[in-house]
Amino acid sequence: MAAGFAGYLEILRARHAARLLAGTLVGRLPNATGAIAILLFVRAEGGTYSLAGALAAVYGVANAVGQPLLGRMVDLHGQPRVQLPAALAAALAMTAFALTGIEPTALAATAVAAAGLFTPPLEGGLRALWPSVLRREDQVHTAYAMDAVAQEVMFTVGPLLVTLCVSLWSAQVALVVLNVLGVLGALSVVCSPPSRAWRSAPREAHWLGALRSPGLLALLGAFLFVGVALGSITVAAVPYADEHGGDAVYGWLMAGLGLGALVGGAVYGARQWSGVPERRLRVLVALLAVCYLPLTLMPGVVAMVLLAMVSGVFLAPCIACAFVIVDRHAPAGTVTEAFSWLVTTFTVGASVGTGLAGPVVQAGGALWGFAVPGAAGAVSLLVLLATGRVLSAPVGRAVVAASSENDPNRALEPRLSSEDRA
């Protein structure tokens with residue numbers, strides 16, 4: 001296992017790797033902190049929680065729409081021509097929101113919608129770059145797991161940065177500072193040699209783009225419900241926390257969920273896996289669903305935090321495994337768009353889960369709320385089982401981790417025998 005963790009250091013020592021990872025994480029800060037920053041700003045301006053929630057929802061929906069569209073633009077025109085202008089447009093829109101405030105409401109909604117719509121697809125862009133930077137398939141696989149772990153760190157640190165900026169200055173300054181940092185992160189990525197040199201493989205002209213792949217559609221259908229599970233648990237934890245100590249308990253539960261994902265992702269990426277990833281994803285999703293079920297026991301705070309950690313253990317491995325499957329099933333020339341669709345589907349699922357868990361909690365309390373994640377995980381597994389033939393269909397691609405076109409679509413699972421390849 002120690003040798004496996006050394007693989008992370010090997011990746012970070014690769015030329016440009018640390019810069020790309022750090023730049024992407026910093027560039028995604030505005031997106032990771034968007035909802036909470038909007039909420040704090042609206043409340044500071046005297047707006048209602050309803051208005052804050054509505055504006056945050058507008059931002060989230062616009063982001064979900066923009067990611068795959070911008071991802072397709074990146075595949076067609078390259079990263080620098082799309083990522084940096086998009087980052088600037090998103091930052092300007094959010095700065096306009098910060099300067100003009102919440103009145104008139106239509107103007108505020110337009111500003112946050114523009115900020116969400118133009119959020120650059122840095123996440124999908126980084127995954128498209130890994131094969132050309134790391135060259136070896138086993139390193140690419142480890143990088144996907146490291147990427148999933150880094151996301152958990154960002155979504156833990158990001159809200160802390162927002163609250164720190166608010167306490168030091170104001171919610172208005174926090175919005176501006178985080179978006180300036182986002183532009184700097186995007187600039188660091190697009191000015192790097194791998195980003196400037198990257199070109200997508202030639203693609204067949206088709207209005208569906210990446211969505212013409214049946215295997216990718218099956219994966220997206222399954223991950224919609226993984227997102228539902230994650231979104232619902234954040235709501236179900238609220239009434240439990242209210243009954244056991246308030247906001248501090250809620251914070252510990254969410255921290256436990258994130259820590260579990262960190263540990264699970266780190267361990268998963270520290271070793272090489274045999275067999276096809278589609279089969280392994282079914283096992284991981286089943287374990288994810290099973291680990292949500294003990295939350296319905298609702299024990300004391302310490303035990304509940306430990307259960308929250310356990311419930312998060314298989315989340316990052318599921319995401320990392322899904323990255324490999326996207327590579328295997330995305331049509332040539334659509335890799336950034338395909339990864340962006342995965343991000344969008346997961347985000348939409350989390351939003352649906354949040355909306356679904358609210359009425360469930362209202363009707364049945366925290367117990368029924370904690371039943372939703374397990375049920376959503378079970379549905380995700382059923383989707384994977386029902387579409388097993390589609391997901392396991394031969395993709396017919398050669399193993400070329402760094403082709404002349406720097407297209408990662410051809411990357412297969414590392415260390416597979418010829419008999420194991422899908």
# chains A, B, ... in the order shown; residues from 1 in each chain; ligands from 1
$ residues_around --residues "Phe155 (chain A)" --least-positions-apart "5" --cutoff "10 Å" --atoms "only C-alpha atoms" --output "MDAnalysis selection string"
chainID A and resid 25 28:29 31:33 150 160 258
$ residues_around --residues "Val162 (chain A)" --least-positions-apart "6" --cutoff "10 Å" --atoms "only C-alpha atoms" --output "PyMOL selection string"
chain A and resi 29-30+33-34+36-37+40+168+170-171+173-175+177-178
$ closest_residue --among "A:Leu76, A:Ala286, A:Leu126, A:Ala237" --to "Val189 (chain A)" --atoms "only C-alpha atoms"
A:Leu126
$ closest_residue --among "A:Val326, A:Leu12, A:Met254, A:Ala186" --to "Val305 (chain A)" --atoms "only C-alpha atoms"
A:Met254
$ atom_distance --atom1 "CA of Thr334 (chain A)" --atom2 "CA of Arg212 (chain A)"
10.3 Å
$ closest_atom_pairs --of "region 171-258 of chain A" --to "region 374-380 of chain A" --cutoff "10 Å" --atoms "only C-alpha atoms" --output "JSON lines"
{"residue": "A:Leu219", "atom": "CA", "partner": "A:Ser380", "partner_atom": "CA", "distance": 9.3}
{"residue": "A:Leu220", "atom": "CA", "partner": "A:Ser380", "partner_atom": "CA", "distance": 9.8}
{"residue": "A:Gly221", "atom": "CA", "partner": "A:Ser380", "partner_atom": "CA", "distance": 7.6}
{"residue": "A:Ala222", "atom": "CA", "partner": "A:Ser380", "partner_atom": "CA", "distance": 4.5}
{"residue": "A:Phe223", "atom": "CA", "partner": "A:Ser380", "partner_atom": "CA", "distance": 6.7}
{"residue": "A:Leu224", "atom": "CA", "partner": "A:Ser380", "partner_atom": "CA", "distance": 7.7}
{"residue": "A:Phe225", "atom": "CA", "partner": "A:Ser380", "partner_atom": "CA", "distance": 5.3}
{"residue": "A:Val226", "atom": "CA", "partner": "A:Gly377", "partner_atom": "CA", "distance": 5.9}
{"residue": "A:Gly227", "atom": "CA", "partner": "A:Ala376", "partner_atom": "CA", "distance": 8.5}
{"residue": "A:Val228", "atom": "CA", "partner": "A:Ala376", "partner_atom": "CA", "distance": 6.2}
{"residue": "A:Ala229", "atom": "CA", "partner": "A:Ala376", "partner_atom": "CA", "distance": 5.3}
{"residue": "A:Leu230", "atom": "CA", "partner": "A:Ala376", "partner_atom": "CA", "distance": 9.0}
{"residue": "A:Ser232", "atom": "CA", "partner": "A:Ala376", "partner_atom": "CA", "distance": 9.0}
{"residue": "A:Ile233", "atom": "CA", "partner": "A:Gly374", "partner_atom": "CA", "distance": 9.5}
$ residues_around --residues "region 351-368 of chain A" --least-positions-apart "4" --cutoff "6 Å" --atoms "only C-alpha atoms" --output "VMD selection string"
chain A and resid 228 231 to 232 236 239 to 240 296
$ residues_around --residues "region 54-67 of chain A" --least-positions-apart "4" --cutoff "10 Å" --atoms "only C-alpha atoms" --output "VMD selection string"
chain A and resid 31 34 to 39 42 48 to 50 71 to 73 102 105 108 to 124 336 to 348 351
$ write_last_selection --atoms "N, CA and C atoms" --output "short mmCIF file (atom, residue, chain, number, x, y, z; two decimals), in the first residue's frame"
data_model
loop_
_atom_site.label_atom_id
_atom_site.label_comp_id
_atom_site.auth_asym_id
_atom_site.auth_seq_id
_atom_site.Cartn_x
_atom_site.Cartn_y
_atom_site.Cartn_z
N ASN A 31 -17.02 28.18 -8.32
CA ASN A 31 -18.11 27.23 -8.50
C ASN A 31 -18.37 26.44 -7.22
N GLY A 34 -20.02 28.90 -4.80
CA GLY A 34 -21.03 29.80 -5.35
C GLY A 34 -22.30 29.87 -4.53
N ALA A 35 -22.86 28.71 -4.18
CA ALA A 35 -24.15 28.69 -3.48
C ALA A 35 -24.05 29.36 -2.11
N ILE A 36 -23.03 29.01 -1.33
CA ILE A 36 -22.92 29.58 0.01
C ILE A 36 -22.56 31.07 -0.05
N ALA A 37 -21.74 31.46 -1.04
CA ALA A 37 -21.39 32.88 -1.17
C ALA A 37 -22.61 33.71 -1.53
N ILE A 38 -23.45 33.19 -2.42
CA ILE A 38 -24.68 33.89 -2.79
C ILE A 38 -25.61 34.00 -1.58
N LEU A 39 -25.74 32.91 -0.84
CA LEU A 39 -26.61 32.90 0.33
C LEU A 39 -26.16 33.96 1.35
N VAL A 42 -26.76 37.59 -0.04
CA VAL A 42 -28.17 37.99 -0.04
C VAL A 42 -28.64 38.31 1.37
N THR A 48 -34.35 37.79 1.81
CA THR A 48 -34.94 36.66 2.51
C THR A 48 -34.20 35.36 2.15
N TYR A 49 -34.45 34.33 2.95
CA TYR A 49 -33.88 33.02 2.62
C TYR A 49 -34.48 32.48 1.32
N SER A 50 -35.73 32.82 1.08
CA SER A 50 -36.36 32.37 -0.17
C SER A 50 -35.65 32.96 -1.37
N GLY A 71 -17.97 22.55 -22.62
CA GLY A 71 -17.10 21.40 -22.85
C GLY A 71 -17.02 21.05 -24.33
N ARG A 72 -18.15 21.14 -25.02
CA ARG A 72 -18.13 20.88 -26.47
C ARG A 72 -17.31 21.94 -27.19
N MET A 73 -17.40 23.20 -26.74
CA MET A 73 -16.61 24.26 -27.35
C MET A 73 -15.11 24.02 -27.15
N ILE A 102 -29.08 43.03 -4.69
CA ILE A 102 -30.20 42.12 -4.97
C ILE A 102 -31.41 42.82 -5.57
N THR A 105 -34.55 42.45 -8.63
CA THR A 105 -34.36 41.01 -8.56
C THR A 105 -34.03 40.41 -9.92
N ALA A 108 -30.40 40.86 -10.64
CA ALA A 108 -29.59 39.96 -9.82
C ALA A 108 -29.64 38.53 -10.37
N ALA A 109 -30.84 38.09 -10.75
CA ALA A 109 -30.99 36.74 -11.29
C ALA A 109 -30.24 36.59 -12.61
N THR A 110 -30.28 37.63 -13.45
CA THR A 110 -29.55 37.59 -14.71
C THR A 110 -28.05 37.49 -14.48
N ALA A 111 -27.55 38.24 -13.50
CA ALA A 111 -26.11 38.23 -13.22
C ALA A 111 -25.65 36.86 -12.72
N VAL A 112 -26.39 36.27 -11.77
CA VAL A 112 -25.95 34.97 -11.25
C VAL A 112 -26.14 33.87 -12.30
N ALA A 113 -27.15 34.02 -13.16
CA ALA A 113 -27.32 33.04 -14.25
C ALA A 113 -26.15 33.10 -15.21
N ALA A 114 -25.71 34.31 -15.54
CA ALA A 114 -24.56 34.45 -16.44
C ALA A 114 -23.30 33.88 -15.79
N ALA A 115 -23.14 34.12 -14.48
CA ALA A 115 -21.96 33.58 -13.78
C ALA A 115 -21.97 32.06 -13.81
N GLY A 116 -23.12 31.46 -13.61
CA GLY A 116 -23.20 30.01 -13.66
C GLY A 116 -23.01 29.45 -15.05
N LEU A 117 -23.62 30.12 -16.03
CA LEU A 117 -23.56 29.64 -17.42
C LEU A 117 -22.14 29.64 -17.96
N PHE A 118 -21.35 30.66 -17.60
CA PHE A 118 -20.01 30.80 -18.16
C PHE A 118 -18.91 30.20 -17.29
N THR A 119 -19.28 29.50 -16.23
CA THR A 119 -18.27 28.83 -15.42
C THR A 119 -17.47 27.87 -16.30
N PRO A 120 -16.15 28.04 -16.42
CA PRO A 120 -15.37 27.22 -17.35
C PRO A 120 -15.33 25.76 -16.93
N PRO A 121 -15.34 24.83 -17.88
CA PRO A 121 -15.30 23.40 -17.55
C PRO A 121 -13.88 22.92 -17.24
N LEU A 122 -13.28 23.51 -16.21
CA LEU A 122 -11.91 23.17 -15.85
C LEU A 122 -11.79 21.73 -15.38
N GLU A 123 -12.81 21.23 -14.74
CA GLU A 123 -12.77 19.86 -14.22
C GLU A 123 -12.64 18.85 -15.36
N GLY A 124 -13.52 18.98 -16.35
CA GLY A 124 -13.41 18.09 -17.50
C GLY A 124 -12.14 18.32 -18.29
N THR A 336 -13.89 16.21 -23.37
CA THR A 336 -14.19 17.27 -22.40
C THR A 336 -15.69 17.40 -22.20
N GLU A 337 -16.44 17.33 -23.29
CA GLU A 337 -17.89 17.40 -23.19
C GLU A 337 -18.43 16.23 -22.36
N ALA A 338 -17.88 15.03 -22.57
CA ALA A 338 -18.36 13.85 -21.85
C ALA A 338 -18.12 14.00 -20.35
N PHE A 339 -16.93 14.44 -19.98
CA PHE A 339 -16.66 14.66 -18.56
C PHE A 339 -17.57 15.76 -17.99
N SER A 340 -17.83 16.77 -18.78
CA SER A 340 -18.71 17.85 -18.32
C SER A 340 -20.13 17.36 -18.12
N TRP A 341 -20.57 16.43 -18.95
CA TRP A 341 -21.90 15.86 -18.75
C TRP A 341 -21.97 15.09 -17.44
N LEU A 342 -20.89 14.40 -17.08
CA LEU A 342 -20.87 13.69 -15.81
C LEU A 342 -21.00 14.67 -14.64
N VAL A 343 -20.26 15.79 -14.73
CA VAL A 343 -20.35 16.82 -13.69
C VAL A 343 -21.78 17.37 -13.61
N THR A 344 -22.36 17.68 -14.77
CA THR A 344 -23.71 18.24 -14.80
C THR A 344 -24.73 17.27 -14.23
N THR A 345 -24.64 16.00 -14.63
CA THR A 345 -25.61 15.01 -14.15
C THR A 345 -25.51 14.85 -12.64
N PHE A 346 -24.31 14.79 -12.13
CA PHE A 346 -24.12 14.66 -10.69
C PHE A 346 -24.69 15.87 -9.95
N THR A 347 -24.46 17.07 -10.51
CA THR A 347 -24.96 18.30 -9.90
C THR A 347 -26.48 18.33 -9.90
N VAL A 348 -27.08 17.97 -11.03
CA VAL A 348 -28.54 17.95 -11.12
C VAL A 348 -29.11 16.93 -10.15
N SER A 351 -29.14 18.30 -6.70
CA SER A 351 -30.23 19.27 -6.54
C SER A 351 -31.57 18.57 -6.38
#
$ residues_around --residues "Leu253 (chain A)" --least-positions-apart "4" --cutoff "10 Å" --atoms "only C-alpha atoms" --output "count of residues only"
20
$ select_by_dssp --residues "region 134-205 of chain A" --states "helix (DSSP H, G or I)" --output "VMD selection string"
chain A and resid 134 137 to 168 171 to 190 193 to 197
$ closest_residue --among "A:Leu217, A:Ala350, A:Val149, A:Ala14" --to "Pro331 (chain A)" --atoms "only C-alpha atoms"
A:Leu217
